[in-house]
>>> print(open('start_31.cif').read())   # mmCIF, N, CA, C and O atoms
data_model
#
loop_
_atom_site.label_atom_id
_atom_site.label_comp_id
_atom_site.auth_asym_id
_atom_site.auth_seq_id
_atom_site.Cartn_x
_atom_site.Cartn_y
_atom_site.Cartn_z
N MET A 1 101.95 87.14 -32.32
CA MET A 1 101.10 87.23 -33.49
C MET A 1 101.94 87.02 -34.74
O MET A 1 103.07 87.47 -34.83
N GLU A 2 101.36 86.36 -35.70
CA GLU A 2 102.04 86.04 -36.94
C GLU A 2 102.17 87.28 -37.83
O GLU A 2 101.32 88.16 -37.83
N ARG A 3 103.24 87.33 -38.58
CA ARG A 3 103.54 88.47 -39.46
C ARG A 3 103.02 88.19 -40.86
O ARG A 3 103.15 87.08 -41.39
N SER A 4 102.43 89.20 -41.49
CA SER A 4 101.90 89.09 -42.85
C SER A 4 103.02 89.07 -43.87
O SER A 4 104.09 89.64 -43.65
N SER A 5 102.74 88.47 -45.01
CA SER A 5 103.70 88.49 -46.11
C SER A 5 103.59 89.78 -46.93
O SER A 5 104.41 90.03 -47.81
N LYS A 6 102.59 90.60 -46.63
CA LYS A 6 102.41 91.87 -47.33
C LYS A 6 103.48 92.86 -46.89
O LYS A 6 103.91 92.87 -45.75
N SER A 7 103.88 93.73 -47.79
CA SER A 7 104.93 94.70 -47.53
C SER A 7 104.40 95.89 -46.72
O SER A 7 103.39 96.51 -47.09
N PHE A 8 105.09 96.21 -45.64
CA PHE A 8 104.74 97.36 -44.80
C PHE A 8 104.87 98.65 -45.60
O PHE A 8 103.99 99.51 -45.57
N VAL A 9 105.97 98.79 -46.33
CA VAL A 9 106.22 100.02 -47.10
C VAL A 9 105.15 100.20 -48.18
O VAL A 9 104.65 101.30 -48.38
N ALA A 10 104.79 99.12 -48.86
CA ALA A 10 103.76 99.21 -49.90
C ALA A 10 102.43 99.64 -49.30
O ALA A 10 101.74 100.52 -49.83
N ALA A 11 102.04 99.03 -48.18
CA ALA A 11 100.78 99.38 -47.52
C ALA A 11 100.80 100.84 -47.07
O ALA A 11 99.82 101.56 -47.24
N LEU A 12 101.92 101.27 -46.52
CA LEU A 12 102.05 102.65 -46.05
C LEU A 12 101.94 103.64 -47.22
O LEU A 12 101.17 104.61 -47.14
N LEU A 13 102.66 103.40 -48.29
CA LEU A 13 102.61 104.30 -49.44
C LEU A 13 101.25 104.31 -50.11
O LEU A 13 100.75 105.37 -50.51
N LEU A 14 100.62 103.15 -50.22
CA LEU A 14 99.28 103.09 -50.80
C LEU A 14 98.28 103.87 -49.95
O LEU A 14 97.41 104.56 -50.48
N CYS A 15 98.42 103.78 -48.64
CA CYS A 15 97.53 104.51 -47.75
C CYS A 15 97.77 106.01 -47.83
O CYS A 15 96.82 106.80 -47.85
N ILE A 16 99.02 106.42 -47.90
CA ILE A 16 99.34 107.85 -47.98
C ILE A 16 98.80 108.46 -49.28
O ILE A 16 98.16 109.51 -49.26
N PHE A 17 99.04 107.80 -50.41
CA PHE A 17 98.68 108.38 -51.69
C PHE A 17 97.27 108.04 -52.18
O PHE A 17 96.66 108.83 -52.91
N PHE A 18 96.73 106.88 -51.78
CA PHE A 18 95.42 106.47 -52.26
C PHE A 18 94.49 106.03 -51.13
O PHE A 18 93.55 105.26 -51.35
N GLY A 19 94.74 106.52 -49.92
CA GLY A 19 93.95 106.13 -48.76
C GLY A 19 92.47 106.43 -48.91
O GLY A 19 91.62 105.64 -48.49
N GLY A 20 92.16 107.54 -49.53
CA GLY A 20 90.76 107.90 -49.74
C GLY A 20 90.02 106.96 -50.66
O GLY A 20 88.80 106.91 -50.66
N LEU A 21 90.76 106.19 -51.43
CA LEU A 21 90.15 105.22 -52.34
C LEU A 21 90.18 103.80 -51.77
O LEU A 21 89.65 102.88 -52.39
N GLY A 22 90.83 103.60 -50.64
CA GLY A 22 90.88 102.30 -50.00
C GLY A 22 91.80 101.29 -50.67
O GLY A 22 91.70 100.09 -50.41
N ILE A 23 92.71 101.76 -51.51
CA ILE A 23 93.59 100.85 -52.26
C ILE A 23 94.44 100.01 -51.31
O ILE A 23 94.70 98.83 -51.58
N HIS A 24 94.86 100.56 -50.19
CA HIS A 24 95.67 99.80 -49.22
C HIS A 24 94.87 98.63 -48.65
O HIS A 24 95.43 97.59 -48.34
N ARG A 25 93.56 98.77 -48.54
CA ARG A 25 92.73 97.66 -48.05
C ARG A 25 92.61 96.56 -49.11
O ARG A 25 92.62 95.38 -48.78
N PHE A 26 92.49 96.94 -50.37
CA PHE A 26 92.50 95.94 -51.44
C PHE A 26 93.83 95.18 -51.41
O PHE A 26 93.86 93.97 -51.55
N TYR A 27 94.94 95.91 -51.23
CA TYR A 27 96.26 95.29 -51.17
C TYR A 27 96.35 94.29 -50.01
O TYR A 27 96.93 93.22 -50.16
N ALA A 28 95.74 94.63 -48.88
CA ALA A 28 95.77 93.75 -47.71
C ALA A 28 94.79 92.59 -47.82
O ALA A 28 94.75 91.71 -46.97
N GLY A 29 93.98 92.57 -48.88
CA GLY A 29 93.03 91.48 -49.08
C GLY A 29 91.67 91.73 -48.45
O GLY A 29 90.82 90.85 -48.44
N LYS A 30 91.44 92.92 -47.96
CA LYS A 30 90.17 93.28 -47.33
C LYS A 30 89.27 93.94 -48.38
O LYS A 30 89.05 95.15 -48.38
N ILE A 31 88.72 93.12 -49.26
CA ILE A 31 87.99 93.61 -50.42
C ILE A 31 86.71 94.34 -50.02
O ILE A 31 86.41 95.42 -50.54
N GLY A 32 85.94 93.78 -49.10
CA GLY A 32 84.67 94.38 -48.69
C GLY A 32 84.84 95.78 -48.12
O GLY A 32 84.15 96.72 -48.54
N THR A 33 85.76 95.94 -47.19
CA THR A 33 85.97 97.26 -46.60
C THR A 33 86.70 98.18 -47.58
O THR A 33 86.56 99.39 -47.50
N GLY A 34 87.44 97.60 -48.51
CA GLY A 34 88.07 98.40 -49.56
C GLY A 34 87.01 99.06 -50.44
O GLY A 34 87.10 100.24 -50.79
N ILE A 35 85.97 98.29 -50.78
CA ILE A 35 84.87 98.83 -51.58
C ILE A 35 84.13 99.92 -50.80
O ILE A 35 83.79 100.97 -51.35
N LEU A 36 83.91 99.68 -49.51
CA LEU A 36 83.25 100.70 -48.68
C LEU A 36 84.06 101.99 -48.61
O LEU A 36 83.51 103.08 -48.71
N GLN A 37 85.37 101.85 -48.46
CA GLN A 37 86.22 103.05 -48.44
C GLN A 37 86.20 103.75 -49.79
O GLN A 37 86.19 104.98 -49.85
N LEU A 38 86.17 102.99 -50.86
CA LEU A 38 86.13 103.57 -52.20
C LEU A 38 84.84 104.38 -52.38
O LEU A 38 84.87 105.49 -52.89
N LEU A 39 83.72 103.84 -51.93
CA LEU A 39 82.43 104.52 -52.09
C LEU A 39 82.28 105.73 -51.17
O LEU A 39 81.54 106.65 -51.50
N THR A 40 82.95 105.72 -50.02
CA THR A 40 82.81 106.82 -49.06
C THR A 40 84.02 107.75 -49.05
O THR A 40 84.12 108.62 -48.18
N LEU A 41 84.91 107.56 -50.03
CA LEU A 41 86.16 108.33 -50.10
C LEU A 41 86.94 108.26 -48.79
O LEU A 41 87.37 109.26 -48.22
N GLY A 42 87.11 107.05 -48.33
CA GLY A 42 87.89 106.82 -47.11
C GLY A 42 87.17 107.29 -45.86
O GLY A 42 87.79 107.72 -44.90
N GLY A 43 85.83 107.18 -45.88
CA GLY A 43 85.05 107.67 -44.74
C GLY A 43 85.26 109.17 -44.57
O GLY A 43 85.44 109.66 -43.47
N LEU A 44 85.26 109.88 -45.74
CA LEU A 44 85.53 111.32 -45.79
C LEU A 44 86.90 111.66 -45.21
O LEU A 44 87.11 112.71 -44.62
N GLY A 45 87.83 110.72 -45.36
CA GLY A 45 89.20 110.95 -44.93
C GLY A 45 89.51 110.45 -43.52
O GLY A 45 90.65 110.17 -43.20
N ILE A 46 88.48 110.34 -42.69
CA ILE A 46 88.70 109.93 -41.30
C ILE A 46 89.15 108.48 -41.22
O ILE A 46 90.10 108.15 -40.53
N TRP A 47 88.45 107.61 -41.93
CA TRP A 47 88.77 106.19 -41.93
C TRP A 47 90.18 105.96 -42.48
O TRP A 47 90.96 105.18 -41.95
N ALA A 48 90.51 106.67 -43.55
CA ALA A 48 91.85 106.55 -44.14
C ALA A 48 92.93 107.02 -43.17
O ALA A 48 93.99 106.41 -43.07
N LEU A 49 92.65 108.10 -42.43
CA LEU A 49 93.61 108.60 -41.43
C LEU A 49 93.81 107.58 -40.31
O LEU A 49 94.95 107.33 -39.89
N ILE A 50 92.74 106.98 -39.86
CA ILE A 50 92.84 105.94 -38.82
C ILE A 50 93.67 104.76 -39.33
O ILE A 50 94.54 104.25 -38.62
N ASP A 51 93.41 104.34 -40.57
CA ASP A 51 94.20 103.25 -41.16
C ASP A 51 95.67 103.62 -41.26
O ASP A 51 96.54 102.79 -40.99
N LEU A 52 95.95 104.86 -41.63
CA LEU A 52 97.34 105.32 -41.72
C LEU A 52 98.04 105.21 -40.37
O LEU A 52 99.16 104.70 -40.28
N ILE A 53 97.36 105.63 -39.32
CA ILE A 53 97.93 105.53 -37.97
C ILE A 53 98.15 104.07 -37.59
O ILE A 53 99.19 103.71 -37.05
N LEU A 54 97.17 103.21 -37.91
CA LEU A 54 97.30 101.78 -37.60
C LEU A 54 98.48 101.15 -38.34
O LEU A 54 99.20 100.32 -37.79
N ILE A 55 98.70 101.56 -39.58
CA ILE A 55 99.84 101.03 -40.34
C ILE A 55 101.14 101.49 -39.70
O ILE A 55 102.06 100.70 -39.52
N ILE A 56 101.22 102.77 -39.37
CA ILE A 56 102.46 103.32 -38.79
C ILE A 56 102.83 102.63 -37.48
O ILE A 56 104.00 102.34 -37.24
N VAL A 57 101.84 102.33 -36.63
CA VAL A 57 102.13 101.69 -35.33
C VAL A 57 102.08 100.16 -35.41
O VAL A 57 102.08 99.47 -34.40
N SER A 58 102.05 99.62 -36.65
CA SER A 58 102.08 98.17 -36.92
C SER A 58 100.92 97.41 -36.30
O SER A 58 101.07 96.28 -35.83
N LYS A 59 99.73 98.00 -36.34
CA LYS A 59 98.52 97.33 -35.84
C LYS A 59 97.57 96.95 -36.97
O LYS A 59 96.56 96.31 -36.73
N PHE A 60 97.88 97.35 -38.20
CA PHE A 60 97.03 97.05 -39.35
C PHE A 60 97.23 95.59 -39.74
O PHE A 60 98.37 95.11 -39.79
N THR A 61 96.15 94.89 -40.03
CA THR A 61 96.24 93.47 -40.36
C THR A 61 95.77 93.20 -41.78
O THR A 61 95.02 93.98 -42.36
N ASP A 62 96.19 92.04 -42.30
CA ASP A 62 95.71 91.63 -43.61
C ASP A 62 94.39 90.88 -43.44
O ASP A 62 93.84 90.82 -42.34
N SER A 63 93.90 90.28 -44.51
CA SER A 63 92.60 89.61 -44.47
C SER A 63 92.59 88.37 -43.59
O SER A 63 91.53 87.89 -43.19
N GLU A 64 93.76 87.86 -43.26
CA GLU A 64 93.85 86.66 -42.41
C GLU A 64 94.20 87.01 -40.97
O GLU A 64 94.50 86.12 -40.17
N GLY A 65 94.19 88.29 -40.64
CA GLY A 65 94.44 88.73 -39.27
C GLY A 65 95.91 88.83 -38.88
O GLY A 65 96.23 89.02 -37.72
N ARG A 66 96.80 88.71 -39.85
CA ARG A 66 98.23 88.82 -39.57
C ARG A 66 98.67 90.26 -39.71
O ARG A 66 98.28 90.96 -40.64
N ARG A 67 99.50 90.74 -38.79
CA ARG A 67 99.94 92.13 -38.79
C ARG A 67 100.92 92.41 -39.93
O ARG A 67 101.81 91.63 -40.20
N ILE A 68 100.72 93.58 -40.56
CA ILE A 68 101.64 94.06 -41.58
C ILE A 68 102.66 94.92 -40.86
O ILE A 68 102.36 96.03 -40.42
N THR A 69 103.86 94.39 -40.69
CA THR A 69 104.90 95.06 -39.90
C THR A 69 106.14 95.30 -40.75
O THR A 69 106.37 94.61 -41.75
N PRO A 70 106.97 96.26 -40.32
CA PRO A 70 108.22 96.52 -41.08
C PRO A 70 109.22 95.40 -40.95
O PRO A 70 109.17 94.59 -40.11
#
>>> encode(input="start_31.cif", output="structure tokens")
Amino acid sequence: MERSSKSFVAALLLCIFFGGLGIHRFYAGKIGTGILQLLTLGGLGIWALIDLILIIVSKFTDSEGRRITP
């Protein structure tokens, strides 16, 4: 699988500090789901927690389906 040009550390930090607002999804280019996370406060935290785990295990992808890896 192809590697994203997005920074792993940036995505991780954005998710840790602003996960409830979906800022990490905006960073990854996933605008639609970023807006949904913003409106639902990260799916009441659950969605943001799942995204955090996906980022840590390098399974989170950008808008083009490329993995954001360290």
>>> residues_around(input="start_31.cif", residues="A:Leu36", least_positions_apart="6", cutoff="7 Å", atoms="only N, CA, C and O atoms", output="PyMOL selection string")
chain A and resi 20-22+30+42-43
>>> axis_aligned_box(input="start_31.cif", around="stretch 13-23 of chain A", padding_each_side="3 Å", output="lines of an AutoDock Vina configuration file")
center_x = 95.7
center_y = 104.2
center_z = -50.3
size_x = 19.9
size_y = 16.7
size_z = 11.2
>>> atom_distance(input="start_31.cif", atom1="atom C of A:Gly29", atom2="atom N of A:Ser63")
4.8 Å
>>> atom_distance(input="start_31.cif", atom1="atom N of A:Ala11", atom2="atom C of A:Asp51")
10.5 Å
>>> closest_residue(input="start_31.cif", among="A:Ile46, A:Leu39, A:Ala28, A:Ser58", to="A:Leu14", atoms="only C-alpha atoms")
A:Ala28
>>> resolve_selection(input="start_31.cif", expression="the PyMOL selection byres ((chain A and resi 3) around 8)", output="ChimeraX atom specification")
/A:1-2,4-6,62,65-69
>>> write_last_selection(input="start_31.cif", atoms="N, CA, C and O atoms", output="compact mmCIF listing (two decimals), in the coordinates of the input")
# COMPACT_ATOMS: atom_id res chain seq x y z
N MET A 1 101.95 87.14 -32.32
CA MET A 1 101.10 87.23 -33.49
C MET A 1 101.94 87.02 -34.74
O MET A 1 103.07 87.47 -34.83
N GLU A 2 101.36 86.36 -35.70
CA GLU A 2 102.04 86.04 -36.94
C GLU A 2 102.17 87.28 -37.83
O GLU A 2 101.32 88.16 -37.83
N SER A 4 102.43 89.20 -41.49
CA SER A 4 101.90 89.09 -42.85
C SER A 4 103.02 89.07 -43.87
O SER A 4 104.09 89.64 -43.65
N SER A 5 102.74 88.47 -45.01
CA SER A 5 103.70 88.49 -46.11
C SER A 5 103.59 89.78 -46.93
O SER A 5 104.41 90.03 -47.81
N LYS A 6 102.59 90.60 -46.63
CA LYS A 6 102.41 91.87 -47.33
C LYS A 6 103.48 92.86 -46.89
O LYS A 6 103.91 92.87 -45.75
N ASP A 62 96.19 92.04 -42.30
CA ASP A 62 95.71 91.63 -43.61
C ASP A 62 94.39 90.88 -43.44
O ASP A 62 93.84 90.82 -42.34
N GLY A 65 94.19 88.29 -40.64
CA GLY A 65 94.44 88.73 -39.27
C GLY A 65 95.91 88.83 -38.88
O GLY A 65 96.23 89.02 -37.72
N ARG A 66 96.80 88.71 -39.85
CA ARG A 66 98.23 88.82 -39.57
C ARG A 66 98.67 90.26 -39.71
O ARG A 66 98.28 90.96 -40.64
N ARG A 67 99.50 90.74 -38.79
CA ARG A 67 99.94 92.13 -38.79
C ARG A 67 100.92 92.41 -39.93
O ARG A 67 101.81 91.63 -40.20
N ILE A 68 100.72 93.58 -40.56
CA ILE A 68 101.64 94.06 -41.58
C ILE A 68 102.66 94.92 -40.86
O ILE A 68 102.36 96.03 -40.42
N THR A 69 103.86 94.39 -40.69
CA THR A 69 104.90 95.06 -39.90
C THR A 69 106.14 95.30 -40.75
O THR A 69 106.37 94.61 -41.75
>>> closest_residue(input="start_31.cif", among="A:Phe26, A:Phe17, A:Trp47, A:Phe8", to="A:Lys59", atoms="only C-alpha atoms")
A:Phe8
>>> closest_residue(input="start_31.cif", among="A:Ser7, A:Tyr27, A:Pro70, A:Gly19", to="A:Leu44", atoms="only C-alpha atoms")
A:Gly19
>>> atom_distance(input="start_31.cif", atom1="atom N of A:Thr40", atom2="atom C of A:Cys15")
15.0 Å
>>> select_by_dssp(input="start_31.cif", residues="chain A", states="helix (DSSP H, G or I)", output="VMD selection string")
chain A and resid 8 to 21 23 to 27 31 to 44 46 to 56
>>> closest_residue(input="start_31.cif", among="A:Glu64, A:Leu13, A:Ile50, A:Ile23", to="A:Leu38", atoms="all atoms listed in the file")
A:Ile23
>>> decode(input="start_31.cif", residues="stretch 16-49 of chain A", atoms="N, CA, C and O atoms", output="PDB file, in the first residue's frame")
ATOM      1  N   ILE A  16      -5.128  13.543  19.260  1.00  0.00           N
ATOM      2  CA  ILE A  16      -5.053  13.548  20.723  1.00  0.00           C
ATOM      3  C   ILE A  16      -5.680  14.825  21.296  1.00  0.00           C
ATOM      4  O   ILE A  16      -6.488  14.772  22.220  1.00  0.00           O
ATOM      5  N   PHE A  17      -5.317  15.983  20.742  1.00  0.00           N
ATOM      6  CA  PHE A  17      -5.754  17.242  21.314  1.00  0.00           C
ATOM      7  C   PHE A  17      -7.078  17.773  20.771  1.00  0.00           C
ATOM      8  O   PHE A  17      -7.796  18.485  21.476  1.00  0.00           O
ATOM      9  N   PHE A  18      -7.410  17.442  19.518  1.00  0.00           N
ATOM     10  CA  PHE A  18      -8.626  17.970  18.913  1.00  0.00           C
ATOM     11  C   PHE A  18      -9.486  16.881  18.270  1.00  0.00           C
ATOM     12  O   PHE A  18     -10.273  17.161  17.362  1.00  0.00           O
ATOM     13  N   GLY A  19      -9.334  15.642  18.732  1.00  0.00           N
ATOM     14  CA  GLY A  19     -10.069  14.516  18.154  1.00  0.00           C
ATOM     15  C   GLY A  19     -11.572  14.686  18.205  1.00  0.00           C
ATOM     16  O   GLY A  19     -12.277  14.319  17.266  1.00  0.00           O
ATOM     17  N   GLY A  20     -12.063  15.267  19.276  1.00  0.00           N
ATOM     18  CA  GLY A  20     -13.499  15.485  19.405  1.00  0.00           C
ATOM     19  C   GLY A  20     -14.049  16.468  18.399  1.00  0.00           C
ATOM     20  O   GLY A  20     -15.252  16.490  18.142  1.00  0.00           O
ATOM     21  N   LEU A  21     -13.185  17.254  17.804  1.00  0.00           N
ATOM     22  CA  LEU A  21     -13.605  18.220  16.790  1.00  0.00           C
ATOM     23  C   LEU A  21     -13.341  17.722  15.370  1.00  0.00           C
ATOM     24  O   LEU A  21     -13.703  18.387  14.407  1.00  0.00           O
ATOM     25  N   GLY A  22     -12.684  16.588  15.231  1.00  0.00           N
ATOM     26  CA  GLY A  22     -12.423  16.004  13.926  1.00  0.00           C
ATOM     27  C   GLY A  22     -11.334  16.704  13.123  1.00  0.00           C
ATOM     28  O   GLY A  22     -11.231  16.502  11.914  1.00  0.00           O
ATOM     29  N   ILE A  23     -10.505  17.499  13.782  1.00  0.00           N
ATOM     30  CA  ILE A  23      -9.474  18.269  13.076  1.00  0.00           C
ATOM     31  C   ILE A  23      -8.502  17.346  12.339  1.00  0.00           C
ATOM     32  O   ILE A  23      -8.049  17.667  11.238  1.00  0.00           O
ATOM     33  N   HIS A  24      -8.201  16.185  12.901  1.00  0.00           N
ATOM     34  CA  HIS A  24      -7.291  15.241  12.238  1.00  0.00           C
ATOM     35  C   HIS A  24      -7.881  14.745  10.921  1.00  0.00           C
ATOM     36  O   HIS A  24      -7.153  14.467   9.979  1.00  0.00           O
ATOM     37  N   ARG A  25      -9.196  14.655  10.831  1.00  0.00           N
ATOM     38  CA  ARG A  25      -9.834  14.240   9.576  1.00  0.00           C
ATOM     39  C   ARG A  25      -9.749  15.344   8.525  1.00  0.00           C
ATOM     40  O   ARG A  25      -9.544  15.071   7.351  1.00  0.00           O
ATOM     41  N   PHE A  26      -9.914  16.594   8.945  1.00  0.00           N
ATOM     42  CA  PHE A  26      -9.722  17.705   8.010  1.00  0.00           C
ATOM     43  C   PHE A  26      -8.283  17.685   7.489  1.00  0.00           C
ATOM     44  O   PHE A  26      -8.049  17.883   6.306  1.00  0.00           O
ATOM     45  N   TYR A  27      -7.319  17.448   8.382  1.00  0.00           N
ATOM     46  CA  TYR A  27      -5.912  17.382   8.000  1.00  0.00           C
ATOM     47  C   TYR A  27      -5.669  16.276   6.970  1.00  0.00           C
ATOM     48  O   TYR A  27      -4.906  16.456   6.025  1.00  0.00           O
ATOM     49  N   ALA A  28      -6.343  15.139   7.147  1.00  0.00           N
ATOM     50  CA  ALA A  28      -6.173  14.011   6.225  1.00  0.00           C
ATOM     51  C   ALA A  28      -6.947  14.202   4.923  1.00  0.00           C
ATOM     52  O   ALA A  28      -6.842  13.388   4.010  1.00  0.00           O
ATOM     53  N   GLY A  29      -7.726  15.276   4.824  1.00  0.00           N
ATOM     54  CA  GLY A  29      -8.472  15.549   3.600  1.00  0.00           C
ATOM     55  C   GLY A  29      -9.861  14.935   3.583  1.00  0.00           C
ATOM     56  O   GLY A  29     -10.551  14.982   2.571  1.00  0.00           O
ATOM     57  N   LYS A  30     -10.296  14.396   4.693  1.00  0.00           N
ATOM     58  CA  LYS A  30     -11.623  13.774   4.794  1.00  0.00           C
ATOM     59  C   LYS A  30     -12.605  14.811   5.343  1.00  0.00           C
ATOM     60  O   LYS A  30     -13.028  14.758   6.495  1.00  0.00           O
ATOM     61  N   ILE A  31     -12.991  15.743   4.489  1.00  0.00           N
ATOM     62  CA  ILE A  31     -13.778  16.893   4.905  1.00  0.00           C
ATOM     63  C   ILE A  31     -15.176  16.488   5.387  1.00  0.00           C
ATOM     64  O   ILE A  31     -15.642  16.962   6.423  1.00  0.00           O
ATOM     65  N   GLY A  32     -15.845  15.614   4.660  1.00  0.00           N
ATOM     66  CA  GLY A  32     -17.209  15.198   5.014  1.00  0.00           C
ATOM     67  C   GLY A  32     -17.290  14.564   6.390  1.00  0.00           C
ATOM     68  O   GLY A  32     -18.123  14.951   7.224  1.00  0.00           O
ATOM     69  N   THR A  33     -16.423  13.605   6.655  1.00  0.00           N
ATOM     70  CA  THR A  33     -16.444  12.953   7.962  1.00  0.00           C
ATOM     71  C   THR A  33     -15.873  13.870   9.042  1.00  0.00           C
ATOM     72  O   THR A  33     -16.221  13.741  10.210  1.00  0.00           O
ATOM     73  N   GLY A  34     -15.034  14.815   8.646  1.00  0.00           N
ATOM     74  CA  GLY A  34     -14.535  15.813   9.593  1.00  0.00           C
ATOM     75  C   GLY A  34     -15.680  16.683  10.099  1.00  0.00           C
ATOM     76  O   GLY A  34     -15.782  16.974  11.294  1.00  0.00           O
ATOM     77  N   ILE A  35     -16.564  17.079   9.189  1.00  0.00           N
ATOM     78  CA  ILE A  35     -17.734  17.876   9.573  1.00  0.00           C
ATOM     79  C   ILE A  35     -18.652  17.059  10.480  1.00  0.00           C
ATOM     80  O   ILE A  35     -19.158  17.569  11.480  1.00  0.00           O
ATOM     81  N   LEU A  36     -18.853  15.783  10.143  1.00  0.00           N
ATOM     82  CA  LEU A  36     -19.687  14.924  10.994  1.00  0.00           C
ATOM     83  C   LEU A  36     -19.103  14.782  12.393  1.00  0.00           C
ATOM     84  O   LEU A  36     -19.830  14.839  13.386  1.00  0.00           O
ATOM     85  N   GLN A  37     -17.797  14.609  12.475  1.00  0.00           N
ATOM     86  CA  GLN A  37     -17.162  14.512  13.798  1.00  0.00           C
ATOM     87  C   GLN A  37     -17.280  15.828  14.547  1.00  0.00           C
ATOM     88  O   GLN A  37     -17.496  15.831  15.760  1.00  0.00           O
ATOM     89  N   LEU A  38     -17.163  16.936  13.848  1.00  0.00           N
ATOM     90  CA  LEU A  38     -17.293  18.241  14.480  1.00  0.00           C
ATOM     91  C   LEU A  38     -18.693  18.415  15.067  1.00  0.00           C
ATOM     92  O   LEU A  38     -18.848  18.873  16.197  1.00  0.00           O
ATOM     93  N   LEU A  39     -19.711  18.009  14.326  1.00  0.00           N
ATOM     94  CA  LEU A  39     -21.092  18.165  14.781  1.00  0.00           C
ATOM     95  C   LEU A  39     -21.467  17.197  15.900  1.00  0.00           C
ATOM     96  O   LEU A  39     -22.348  17.501  16.702  1.00  0.00           O
ATOM     97  N   THR A  40     -20.814  16.035  15.949  1.00  0.00           N
ATOM     98  CA  THR A  40     -21.158  15.030  16.964  1.00  0.00           C
ATOM     99  C   THR A  40     -20.123  14.950  18.082  1.00  0.00           C
ATOM    100  O   THR A  40     -20.185  14.037  18.909  1.00  0.00           O
ATOM    101  N   LEU A  41     -19.197  15.912  18.095  1.00  0.00           N
ATOM    102  CA  LEU A  41     -18.098  15.922  19.071  1.00  0.00           C
ATOM    103  C   LEU A  41     -17.332  14.599  19.065  1.00  0.00           C
ATOM    104  O   LEU A  41     -17.093  13.981  20.096  1.00  0.00           O
ATOM    105  N   GLY A  42     -16.964  14.192  17.880  1.00  0.00           N
ATOM    106  CA  GLY A  42     -16.171  12.969  17.721  1.00  0.00           C
ATOM    107  C   GLY A  42     -16.984  11.719  18.004  1.00  0.00           C
ATOM    108  O   GLY A  42     -16.452  10.727  18.481  1.00  0.00           O
ATOM    109  N   GLY A  43     -18.288  11.769  17.668  1.00  0.00           N
ATOM    110  CA  GLY A  43     -19.147  10.622  17.965  1.00  0.00           C
ATOM    111  C   GLY A  43     -19.201  10.379  19.468  1.00  0.00           C
ATOM    112  O   GLY A  43     -19.126   9.252  19.922  1.00  0.00           O
ATOM    113  N   LEU A  44     -19.307  11.514  20.219  1.00  0.00           N
ATOM    114  CA  LEU A  44     -19.285  11.489  21.689  1.00  0.00           C
ATOM    115  C   LEU A  44     -17.999  10.863  22.222  1.00  0.00           C
ATOM    116  O   LEU A  44     -17.986  10.226  23.264  1.00  0.00           O
ATOM    117  N   GLY A  45     -16.923  11.038  21.462  1.00  0.00           N
ATOM    118  CA  GLY A  45     -15.616  10.568  21.901  1.00  0.00           C
ATOM    119  C   GLY A  45     -15.251   9.185  21.395  1.00  0.00           C
ATOM    120  O   GLY A  45     -14.077   8.852  21.300  1.00  0.00           O
ATOM    121  N   ILE A  46     -16.250   8.383  21.070  1.00  0.00           N
ATOM    122  CA  ILE A  46     -15.983   7.004  20.638  1.00  0.00           C
ATOM    123  C   ILE A  46     -15.297   6.989  19.277  1.00  0.00           C
ATOM    124  O   ILE A  46     -14.309   6.287  19.078  1.00  0.00           O
ATOM    125  N   TRP A  47     -15.828   7.748  18.343  1.00  0.00           N
ATOM    126  CA  TRP A  47     -15.271   7.805  16.992  1.00  0.00           C
ATOM    127  C   TRP A  47     -13.838   8.340  17.040  1.00  0.00           C
ATOM    128  O   TRP A  47     -12.944   7.826  16.370  1.00  0.00           O
ATOM    129  N   ALA A  48     -13.614   9.364  17.846  1.00  0.00           N
ATOM    130  CA  ALA A  48     -12.270   9.932  17.980  1.00  0.00           C
ATOM    131  C   ALA A  48     -11.301   8.914  18.578  1.00  0.00           C
ATOM    132  O   ALA A  48     -10.145   8.825  18.159  1.00  0.00           O
ATOM    133  N   LEU A  49     -11.767   8.132  19.556  1.00  0.00           N
ATOM    134  CA  LEU A  49     -10.923   7.096  20.165  1.00  0.00           C
ATOM    135  C   LEU A  49     -10.559   6.019  19.141  1.00  0.00           C
ATOM    136  O   LEU A  49      -9.408   5.588  19.066  1.00  0.00           O
TER     137      LEU A  49
END
